Amino acid sequence: MKQFTLGKKERLKSRKQIEQLFKEGKTFSVQPLRIYYTVQSTPAVTSPLQFGVAVGTRQFKHAVDRNRIKRLIREAYRLQKNEIQEQLKLKNKTLNVFFIYTGKELPQYQLIYETVRIALQKLRQIIVQSAT
RNA sequence: GCUGCAUGCUGAGCUAUCGCCACGACGAUUCUGUCGGGGAGGAAAGUCCGGACAGCAUAGAGCAACGUACCGGUGAAGAGCCGGGUGUCCCGCAUCAGGCGGGGCAACAGAAAGUGCCACAGAAAAUAACUACUCUGCUUUGGCAGAGAAAAGGUGAAAACGUAGGAUAAGAGCCUACGGGUUAUUACAGUAAUGUAAUAGCAGGGUAAACCUUGCGUGCUGAAAUGCCAUGUAUGCCGUUGCCUGAGAACGGCUCGUUCAAUGACGGUGGGUAGGCAGAUUGAUCCCUUGGGGUAACUUUUGGGACAGAUAAAUGAUAGCUCCGUUCGCCUUUGCGAAAGCAUUGGUGGAUAUGACAAAAUCCGGCUUACAGGUUUGCAGUAAUU
RNA sequence: UGGCCUAUAGUAUAAUGGUAGUACGACAGAUUUUGGUUCUGUUUGUCUUGGUUCGAAUCCAGGUAGGCCAA
């Protein structure tokens, strides 16, 4: 049984879905990250948890830096998302999440790992609250 | 040996764990599994040129607009590259002078088609004439009026070809000699630009990266192009115009012209879709190699090898070691020095953070810009030894 | 991906190729018991590198930064 995968089905790919997320989704922020999410009680079509990343052109001019930040966030997310995924499977819900990096300096991996951990904990709390 | 500049090449490596993208094979059968070998650059960047490719348009003519500008070659093409010419700057050599050699740079058509502009200073910045000069007339001997001429005049970035002589009332390319510039013709050399020589002519400067003129070139739009499939759907409503007269359209910048044109055309408003596949990655391809052509750019030939394909966008993360760099300690070489010490060579051990510029997005050829460290070649400077 | 535009003092905004202004601000001084108002003076600049020109903010070319448009 594979655990730490992040294939095509687990990422947000459709333009329509993403626009909907930004229109209707709720937000909170954990220091250099801003997170958009929507929780739906309908069972998932493809995957219960879908995910996306973005870094603005304003903050980082070069594509190299943007790519690096996106890869770091994706890596940190990949290693930590399992618990939340199982929680969703049990409760038969879908969650769409979008991470936006708003900082102005290139981060270290440790910092990203920590912030993603905190963000995911918050999301788990939100799921529990919405269930009750 | 060191330093600097230019130039070409290179653009850290290995292991483990966890992943990403497409492809192939096998198994499975409609959502995944196993295995295999692949997966970012010299600039992928800037988007400055040129194409390929695609759609629309295209009887033709004129104007406009834009681009371009010594000549020849190269190439699919170009504002690229190579060679040549001319001009100019620098260096070296030689010299009475003319010159000879090497290197750099050039948006290098036309100012003798026309228009504009040339601050300040200066008499004057371009149809000259303020002072001074010459002649004539008048004269109160201070000058005044008329005519001539363009030589002299603390300027300026630039001053009406330069020097010498003649001529003259005074002068002036007004004339002559020498010299320089420029235009045309002819001859010779060269494919040509151009050069050399002769003859004839010209004389009022700069600026075209001011307008402009001349020659040449350019149809427009760009993969968010475009085609197919699926989904969805309404010949909807309003206004204008027209159905005899020519409104309008043909996405050309405009005009003429041509063609089309009635269940119509144009404008506004409203509704729906916005997913997939192709385009799309093997092509004017790149690298190594063998011979030929050419001064070179480049071209041709023999043999072999290589070539990613994402689409909210893959090619990564973590840990360890090595490499390079920095820094510290110990030993050591050489030089200076009386010594302390300073500079320096090599070895060894530890610590440390960092790892240049930079991420394919339809594809190619160039150009431009960025680039830590290492390394090749050349030039210049400098130190020691022979 | 393709196309277009802009850059002038701390801020806003002028300037035919010919001495870079104006307003607000900042600073200093005067007036006032003090502050404000008012008056006087000073400060700081053509994004950058080259070229054309006797002379560039202006013209031309390369770069840098910022902004806008096209689904």
# chains A, B, ... in the order shown; residues from 1 in each chain; ligands from 1
$ select_by_dssp --residues "chain A" --states "strand (DSSP E or B)" --output "number ranges by chain"
A: 11, 26-30, 33-40, 49-55, 94-101
$ residues_around --residues "Leu79 of chain A" --least-positions-apart "5" --cutoff "9 Å" --atoms "only C-alpha atoms (C1' of nucleotides)" --output "PDB file with C-alpha atoms (C1' of nucleotides), in the first residue's frame"
ATOM      1  CA  GLN A   3       1.121   6.238   1.109  1.00  0.00           C
ATOM      2  CA  PHE A   4       3.055   9.287   0.083  1.00  0.00           C
ATOM      3  CA  THR A   5       1.821   9.710  -3.466  1.00  0.00           C
ATOM      4  CA  ARG A  74       4.157  20.243  -2.645  1.00  0.00           C
TER       5      ARG A  74
ATOM      6  C1'   C B  18      10.282   9.057  -0.479  1.00  0.00           C
TER       7        C B  18
END
$ interface_residues --of "chain A" --to "chain B" --cutoff "7 Å" --atoms "only C-alpha atoms (C1' of nucleotides)" --output "list in words"
Thr5, Lys13, Ala63, Val64, Arg71 and Glu75 of chain A
$ residues_around --residues "U46 of chain C" --least-positions-apart "4" --cutoff "12 Å" --atoms "only C-alpha atoms (C1' of nucleotides)" --output "count of residues only"
8
$ closest_atom_pairs --of "chain C" --to "chain A" --cutoff "12 Å" --atoms "only C-alpha atoms (C1' of nucleotides)" --output "Markdown table"
| residue | atom | partner | partner_atom | distance |
| --- | --- | --- | --- | --- |
| C:A65 | C1' | A:Lys61 | CA | 11.7 |
| C:G66 | C1' | A:Arg58 | CA | 11.1 |
| C:A71 | C1' | A:Arg15 | CA | 12.0 |
$ residues_around --residues "segment 66-77 of chain B" --least-positions-apart "5" --cutoff "12 Å" --atoms "only C-alpha atoms (C1' of nucleotides)" --output "ChimeraX atom specification"
/B:49-52,82-87,106-110,190-194,214-218,253,284,294,296-299,364-366
